[in-house]
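Below: query.cif (mmCIF, C-alpha atoms)
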data_input
loop_
_atom_site.label_atom_id
_atom_site.label_comp_id
_atom_site.auth_asym_id
_atom_site.auth_seq_id
_atom_site.Cartn_x
_atom_site.Cartn_y
_atom_site.Cartn_z
CA MET A 1 143.97 58.11 65.96
CA THR A 2 145.89 56.16 63.35
CA LEU A 3 147.60 53.44 65.41
CA SER A 4 145.82 50.20 66.20
CA ASP A 5 145.13 49.09 69.77
CA ALA A 6 147.78 46.42 69.31
CA ASP A 7 150.36 49.00 68.19
CA ILE A 8 149.55 51.18 71.19
CA ARG A 9 149.99 48.28 73.60
CA ARG A 10 153.22 47.27 71.90
CA CYS A 11 154.64 50.79 72.16
CA ALA A 12 153.69 51.04 75.84
CA THR A 13 155.35 47.70 76.55
CA ARG A 14 158.53 48.82 74.76
CA LEU A 15 158.67 51.98 76.86
CA HIS A 16 158.09 49.97 80.02
CA GLU A 17 160.96 47.64 79.19
CA ALA A 18 163.22 50.54 78.18
CA GLU A 19 162.75 52.12 81.59
CA ARG A 20 163.53 48.84 83.32
CA SER A 21 166.55 47.96 81.21
CA ARG A 22 167.82 51.53 80.84
CA VAL A 23 168.19 50.93 77.10
CA GLN A 24 166.48 53.55 74.95
CA ILE A 25 164.17 52.58 72.12
CA ARG A 26 163.95 54.10 68.66
CA GLN A 27 161.73 57.13 68.21
CA LEU A 28 158.12 56.08 67.79
CA SER A 29 157.72 58.83 65.21
CA GLN A 30 160.29 56.97 63.07
CA ASP A 31 158.54 53.62 63.41
CA PHE A 32 155.09 55.18 62.91
CA PRO A 33 155.39 58.29 60.69
CA GLU A 34 151.59 58.65 60.75
CA ILE A 35 151.41 58.88 64.57
CA THR A 36 149.17 61.60 66.00
CA ILE A 37 148.99 63.49 69.29
CA GLU A 38 145.99 61.35 70.22
CA ASP A 39 148.01 58.20 69.55
CA ALA A 40 150.84 59.49 71.73
CA TYR A 41 148.54 60.17 74.70
CA ALA A 42 146.95 56.74 74.21
CA ILE A 43 150.40 55.14 74.46
CA GLN A 44 151.16 57.16 77.58
CA LYS A 45 147.85 56.09 79.13
CA GLU A 46 148.54 52.45 78.35
CA TRP A 47 152.02 52.68 79.86
CA ILE A 48 150.69 54.28 83.05
CA ALA A 49 148.10 51.50 83.23
CA LEU A 50 150.93 48.95 83.15
CA LYS A 51 152.58 50.70 86.09
CA VAL A 52 149.34 50.95 88.07
CA ALA A 53 148.74 47.24 87.49
CA GLU A 54 152.12 46.64 89.13
CA GLY A 55 151.08 48.61 92.21
CA ARG A 56 152.00 52.19 91.44
CA ILE A 57 149.65 54.97 92.58
CA ILE A 58 148.81 58.12 90.61
CA LYS A 59 149.78 61.15 92.71
CA GLY A 60 149.38 64.00 90.24
CA HIS A 61 150.40 65.43 86.90
CA LYS A 62 153.18 67.33 85.20
CA ILE A 63 152.93 69.97 82.50
CA GLY A 64 155.70 70.51 79.98
CA LEU A 65 156.59 72.60 76.96
CA THR A 66 155.07 75.72 78.48
CA SER A 67 157.54 78.19 76.96
CA LYS A 68 156.98 79.76 73.56
CA ALA A 69 160.54 78.88 72.53
CA MET A 70 160.03 75.15 73.16
CA GLN A 71 156.63 75.14 71.47
CA SER A 72 158.08 76.83 68.40
CA ALA A 73 160.97 74.36 68.30
CA LEU A 74 158.52 71.44 68.22
CA ASN A 75 156.00 73.18 65.97
CA ILE A 76 153.15 72.99 68.49
CA ASP A 77 150.90 75.62 70.03
CA GLU A 78 150.11 74.13 73.44
CA PRO A 79 151.89 72.37 76.33
CA ASP A 80 151.98 68.64 76.93
CA SER A 81 151.32 66.64 80.09
CA GLY A 82 152.30 63.47 81.92
CA VAL A 83 151.43 61.57 85.08
CA LEU A 84 153.20 61.60 88.48
CA LEU A 85 153.37 58.28 90.32
CA ASP A 86 154.18 57.53 93.94
CA ASP A 87 157.65 56.13 93.23
CA MET A 88 158.71 59.35 91.49
CA PHE A 89 158.87 61.44 94.68
CA PHE A 90 162.26 62.02 96.33
CA ALA A 91 163.06 63.83 99.58
CA ASP A 92 164.37 67.39 99.58
CA GLY A 93 168.13 67.26 100.20
CA GLY A 94 168.03 63.51 99.73
CA THR A 95 169.72 61.00 97.48
CA VAL A 96 168.48 60.07 94.03
CA PRO A 97 169.78 56.75 92.65
CA SER A 98 171.38 57.71 89.35
CA ASP A 99 171.40 54.12 88.11
CA ARG A 100 167.61 54.21 87.96
CA PHE A 101 167.70 56.62 85.00
CA ILE A 102 169.15 56.82 81.49
CA ALA A 103 169.83 60.45 80.59
CA THR A 104 168.89 62.66 83.52
CA ARG A 105 168.09 66.38 83.34
CA ILE A 106 166.67 68.74 85.96
CA GLU A 107 164.19 71.60 85.73
CA ALA A 108 163.00 74.17 88.30
CA GLU A 109 159.25 74.60 88.67
CA LEU A 110 156.42 75.48 91.00
CA ALA A 111 154.21 72.64 92.19
CA PHE A 112 150.53 73.16 92.99
CA VAL A 113 148.96 70.95 95.65
CA MET A 114 145.23 70.78 95.10
CA LYS A 115 142.74 71.48 97.90
CA GLN A 116 139.56 71.01 95.91
CA ARG A 117 138.57 69.07 92.83
CA LEU A 118 139.34 71.14 89.74
CA SER A 119 137.56 70.29 86.53
CA GLY A 120 137.05 71.79 83.11
CA PRO A 121 135.97 72.86 80.67
CA ASP A 122 136.23 76.63 81.05
CA CYS A 123 138.59 76.40 84.03
CA THR A 124 140.40 79.72 84.58
CA LEU A 125 143.47 80.96 86.42
CA PHE A 126 141.18 82.17 89.22
CA ASP A 127 139.58 78.73 89.54
CA VAL A 128 143.07 77.28 89.96
CA LEU A 129 144.02 79.74 92.69
CA ASN A 130 140.77 79.03 94.56
CA ALA A 131 141.23 75.26 94.32
CA THR A 132 144.92 75.21 95.34
CA ASP A 133 145.94 74.43 98.92
CA PHE A 134 149.51 75.65 98.57
CA VAL A 135 152.32 76.17 96.09
CA VAL A 136 155.80 74.81 96.73
CA PRO A 137 159.20 75.04 95.01
CA ALA A 138 160.13 71.89 93.12
CA LEU A 139 162.71 70.18 90.97
CA GLU A 140 161.55 67.90 88.19
CA ILE A 141 163.77 65.00 87.21
CA LEU A 142 163.52 64.32 83.49
CA ASP A 143 164.56 61.18 81.67
CA THR A 144 164.05 59.84 78.19
CA ARG A 145 163.29 56.27 77.35
CA ILE A 146 163.32 57.21 73.66
CA GLU A 147 166.43 58.20 71.70
CA ARG A 148 166.84 61.94 71.34
CA VAL A 149 168.54 61.54 67.94
CA ASP A 150 167.81 58.65 65.61
CA SER A 151 171.01 56.73 64.83
CA GLU A 152 170.02 56.17 61.19
CA THR A 153 168.23 59.32 60.05
CA LYS A 154 169.73 61.73 62.63
CA ALA A 155 166.19 63.03 63.18
CA THR A 156 165.47 64.53 66.59
CA ARG A 157 162.56 63.52 68.80
CA LYS A 158 159.14 64.83 67.91
CA ILE A 159 156.35 65.94 70.23
CA PHE A 160 154.70 62.52 69.73
CA ASP A 161 157.75 60.80 71.21
CA THR A 162 157.86 63.09 74.21
CA ILE A 163 154.16 62.70 75.02
CA ALA A 164 154.24 58.92 74.70
CA ASP A 165 157.30 58.91 76.99
CA ASN A 166 155.12 60.35 79.80
CA ALA A 167 156.25 63.86 78.84
CA ALA A 168 159.82 62.82 79.79
CA ASN A 169 158.90 62.71 83.47
CA ALA A 170 160.88 60.54 85.86
CA GLY A 171 160.90 62.17 89.30
CA ILE A 172 160.07 65.13 91.50
CA VAL A 173 161.59 66.78 94.57
CA LEU A 174 159.43 69.13 96.65
CA GLY A 175 161.09 71.55 99.08
CA GLY A 176 161.51 75.13 100.15
CA ARG A 177 158.73 77.02 101.91
CA PRO A 178 155.14 76.27 100.92
CA LEU A 179 152.98 79.35 100.37
CA ARG A 180 149.32 79.99 99.88
CA PRO A 181 148.55 80.81 96.24
CA LEU A 182 147.38 84.38 97.00
CA ASP A 183 150.27 85.23 99.34
CA ALA A 184 152.55 86.22 96.46
CA ASP A 185 152.47 87.20 92.82
CA LEU A 186 153.49 83.81 91.51
CA ARG A 187 154.76 85.30 88.26
CA TRP A 188 157.67 86.93 90.08
CA ILE A 189 158.88 83.87 91.98
CA GLY A 190 162.31 83.05 90.60
CA ALA A 191 165.04 80.48 91.07
CA LEU A 192 168.82 80.41 90.92
CA CYS A 193 169.80 76.90 89.89
CA TYR A 194 173.19 75.46 90.79
CA LYS A 195 175.04 72.28 89.85
CA ASN A 196 177.87 71.39 92.21
CA GLY A 197 177.91 74.96 93.53
CA GLN A 198 178.12 76.58 90.09
CA LEU A 199 175.24 78.74 88.88
CA GLU A 200 173.77 77.10 85.77
CA GLU A 201 170.37 78.68 85.09
CA THR A 202 168.01 81.35 86.36
CA GLY A 203 164.39 82.09 85.60
CA LEU A 204 161.03 83.51 86.66
CA ALA A 205 157.77 81.58 86.93
CA ALA A 206 156.19 84.07 84.51
CA GLY A 207 158.01 82.09 81.82
CA VAL A 208 155.25 79.50 82.24
CA LEU A 209 152.45 80.91 80.06
CA ASN A 210 152.84 84.31 81.84
CA HIS A 211 151.49 82.73 85.05
CA PRO A 212 152.01 79.14 86.25
CA ALA A 213 148.35 78.84 87.29
CA THR A 214 147.44 79.31 83.63
CA ALA A 215 149.22 76.04 82.89
CA VAL A 216 147.22 74.25 85.59
CA ALA A 217 144.00 75.63 84.12
CA TRP A 218 145.08 74.35 80.69
CA LEU A 219 145.58 70.88 82.15
CA ALA A 220 142.20 70.84 83.89
CA ASN A 221 140.53 71.77 80.62
CA LYS A 222 142.58 69.25 78.66
CA VAL A 223 141.75 66.24 80.85
CA ALA A 224 138.08 67.24 81.10
CA ALA A 225 137.63 65.89 77.57
CA LEU A 226 138.62 62.49 78.97
CA GLY A 227 136.13 62.75 81.82
CA LEU A 228 138.92 63.46 84.33
CA ALA A 229 139.73 66.22 86.80
CA LEU A 230 142.52 67.30 89.13
CA GLU A 231 141.72 65.72 92.47
CA PRO A 232 142.26 66.98 96.06
CA GLY A 233 145.75 66.21 97.30
CA GLN A 234 147.20 65.74 93.84
CA VAL A 235 150.43 67.51 92.95
CA VAL A 236 150.63 69.39 89.66
CA LEU A 237 154.00 70.49 88.29
CA ALA A 238 153.15 73.66 86.41
CA GLY A 239 156.11 73.68 84.00
CA SER A 240 159.74 74.68 83.98
CA PHE A 241 161.00 78.24 83.77
CA ILE A 242 164.65 77.30 83.15
CA ARG A 243 166.45 75.32 80.47
CA PRO A 244 167.11 71.71 81.53
CA ILE A 245 170.33 71.06 83.46
CA GLU A 246 172.18 67.83 82.71
CA ALA A 247 172.76 65.75 85.86
CA ARG A 248 174.96 62.71 86.31
CA LYS A 249 176.19 60.50 89.13
CA GLY A 250 177.93 62.60 91.76
CA ASP A 251 176.11 65.83 90.92
CA THR A 252 174.30 67.96 93.48
CA ILE A 253 171.50 70.15 92.13
CA GLN A 254 170.11 73.04 94.18
CA ALA A 255 167.49 75.64 93.29
CA ASP A 256 167.41 78.77 95.44
CA TYR A 257 163.96 80.35 95.45
CA GLY A 258 164.99 83.29 97.65
CA PRO A 259 162.38 83.98 100.36
CA TYR A 260 160.65 80.72 99.44
CA GLY A 261 163.61 78.55 100.37
CA THR A 262 165.72 76.01 98.54
CA VAL A 263 165.18 72.56 97.12
CA SER A 264 168.00 70.16 96.29
CA CYS A 265 169.02 66.58 95.59
CA TYR A 266 172.18 64.52 95.16
CA PHE A 267 172.62 61.90 92.43
CA ALA A 268 174.39 58.94 94.03
#

Could you render the structure from this file as structure tokens?
Amino acid sequence: MTLSDADIRRCATRLHEAERSRVQIRQLSQDFPEITIEDAYAIQKEWIALKVAEGRIIKGHKIGLTSKAMQSALNIDEPDSGVLLDDMFFADGGTVPSDRFIATRIEAELAFVMKQRLSGPDCTLFDVLNATDFVVPALEILDTRIERVDSETKATRKIFDTIADNAANAGIVLGGRPLRPLDADLRWIGALCYKNGQLEETGLAAGVLNHPATAVAWLANKVAALGLALEPGQVVLAGSFIRPIEARKGDTIQADYGPYGTVSCYFA
């Protein structure tokens, strides 16, 4: 790590205020060119601690940047992760307050609900399947508290910015038909994603590291180095298999998972 503890706290506080005020901050990678991945996760951890101190409850994790295309674009070779909190969950078919967010986008994913504690290192896809209670279709609501393009340099966000920004996570909608993890080949579960009745994106869950459970195993191994594990009852978003869909006030987003049902939300 290259940032001081004071810098990390300051960055977390800036992100916290940006979320509250809905005014984006400058890219941290511009303010701190020497920032590292470790620094970015430390900022994320500090920001989550601020939220927990205010009464929020950790309910799970999200995994992002699971596609090879996105990893290549950001010059990385592994996914990133963020934390799901209790106030991020919205009802299937329900209303999402658009004025809570800054620049909303939606992704289609599979969510794993853990049955047993899952810990690394050396966690495998099979360990994930054994430890999972059920898998359910999901929408992830993304937001960014950090500018995507710097107004001065025109530089785009770096991986450090995304990680510090809680991996761009802002909300989650669970829906459709839950299934046991061995009741289907999860790679072949797909979604047709609509905005206001118009088909926007399609994809298969195999786009997530060839199998979404592989992403969950990656996360279990990643957090093991911090002395953490995936706990029973926690929800893990395994990663998107579509490109993000822009969503604004008045938009209805629906993902049709075929035999596994639909999941939707309306931005009021």

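Surrounding range 179-184 of chain A within 10 Å are Phe112, Val113, Val128, Leu129, Asn130, Ala131, Thr132, Asp133, Phe134, Val135, Val136, Pro137, Gly176, Arg177, Leu186, Arg187, Trp188, Ile189, Ala213 and Tyr260 of chain A, with only C-alpha atoms counted and residues fewer than 2 positions along the same chain left out.
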
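For the pair CA of Leu118 in chain A and CA of Ala229 in chain A, the separation is 5.7 Å.
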
Would you compute an axis-aligned box for range 15-22 of chain A, covering every atom listed for it in the file with 6 Å of margin on each side, and report centre and edge lengths in Å to one decimal as AutoDock Vina command-line options?
--center_x 163.0 --center_y 49.9 --center_z 80.1 --size_x 21.7 --size_y 16.5 --size_z 18.5

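Closest approach to Leu174 in chain A among A:Val149, A:Leu139, A:Ala155, A:Leu204 is made by A:Leu139 (distances from all atoms listed in the file).
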
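Nearest residue to Ala170 in chain A, choosing from A:Val263, A:Leu50, A:Leu85, A:Ile146 and counting all atoms listed in the file: A:Leu85.
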
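Of the residues listed (A:Glu107, A:Asp87, A:Glu46, A:Asp127), A:Glu107 shows the shortest atom-to-atom separation from Pro244 in chain A; distances use only C-alpha atoms.
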
Rank A:Asp150, A:Glu140, A:Asp122, A:Asp161 by their smallest atom-to-atom distance to Leu84 in chain A, using all atoms listed in the file, and report the top residue only. A:Glu140

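Closest approach to Asp256 in chain A from the set A:Leu74, A:Val236, A:Leu192, A:Leu199 is made by A:Leu192, with distances taken over only C-alpha atoms.
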
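The space between CA of Val52 in chain A and CA of Leu15 in chain A spans 14.6 Å.
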
Starting from the PyMOL selection byres ((chain A and resi 89-101) around 8), expand the selection into actual residues of this file and give them as number ranges by chain. A: 19, 22, 85-88, 102-104, 143, 170-175, 248-249, 263-268

Name the residues in contact with Ala108 in chain A at a cut-off of 8 Å, using all atoms listed in the file, excluding same-chain residues fewer than 4 positions from it; report them as a PyMOL selection string. chain A and resi 137-140+191+193+240-242+255

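Our summary of the geometry notes that CA of Gly207 in chain A is positioned 18.3 Å from CA of Asn75 in chain A.
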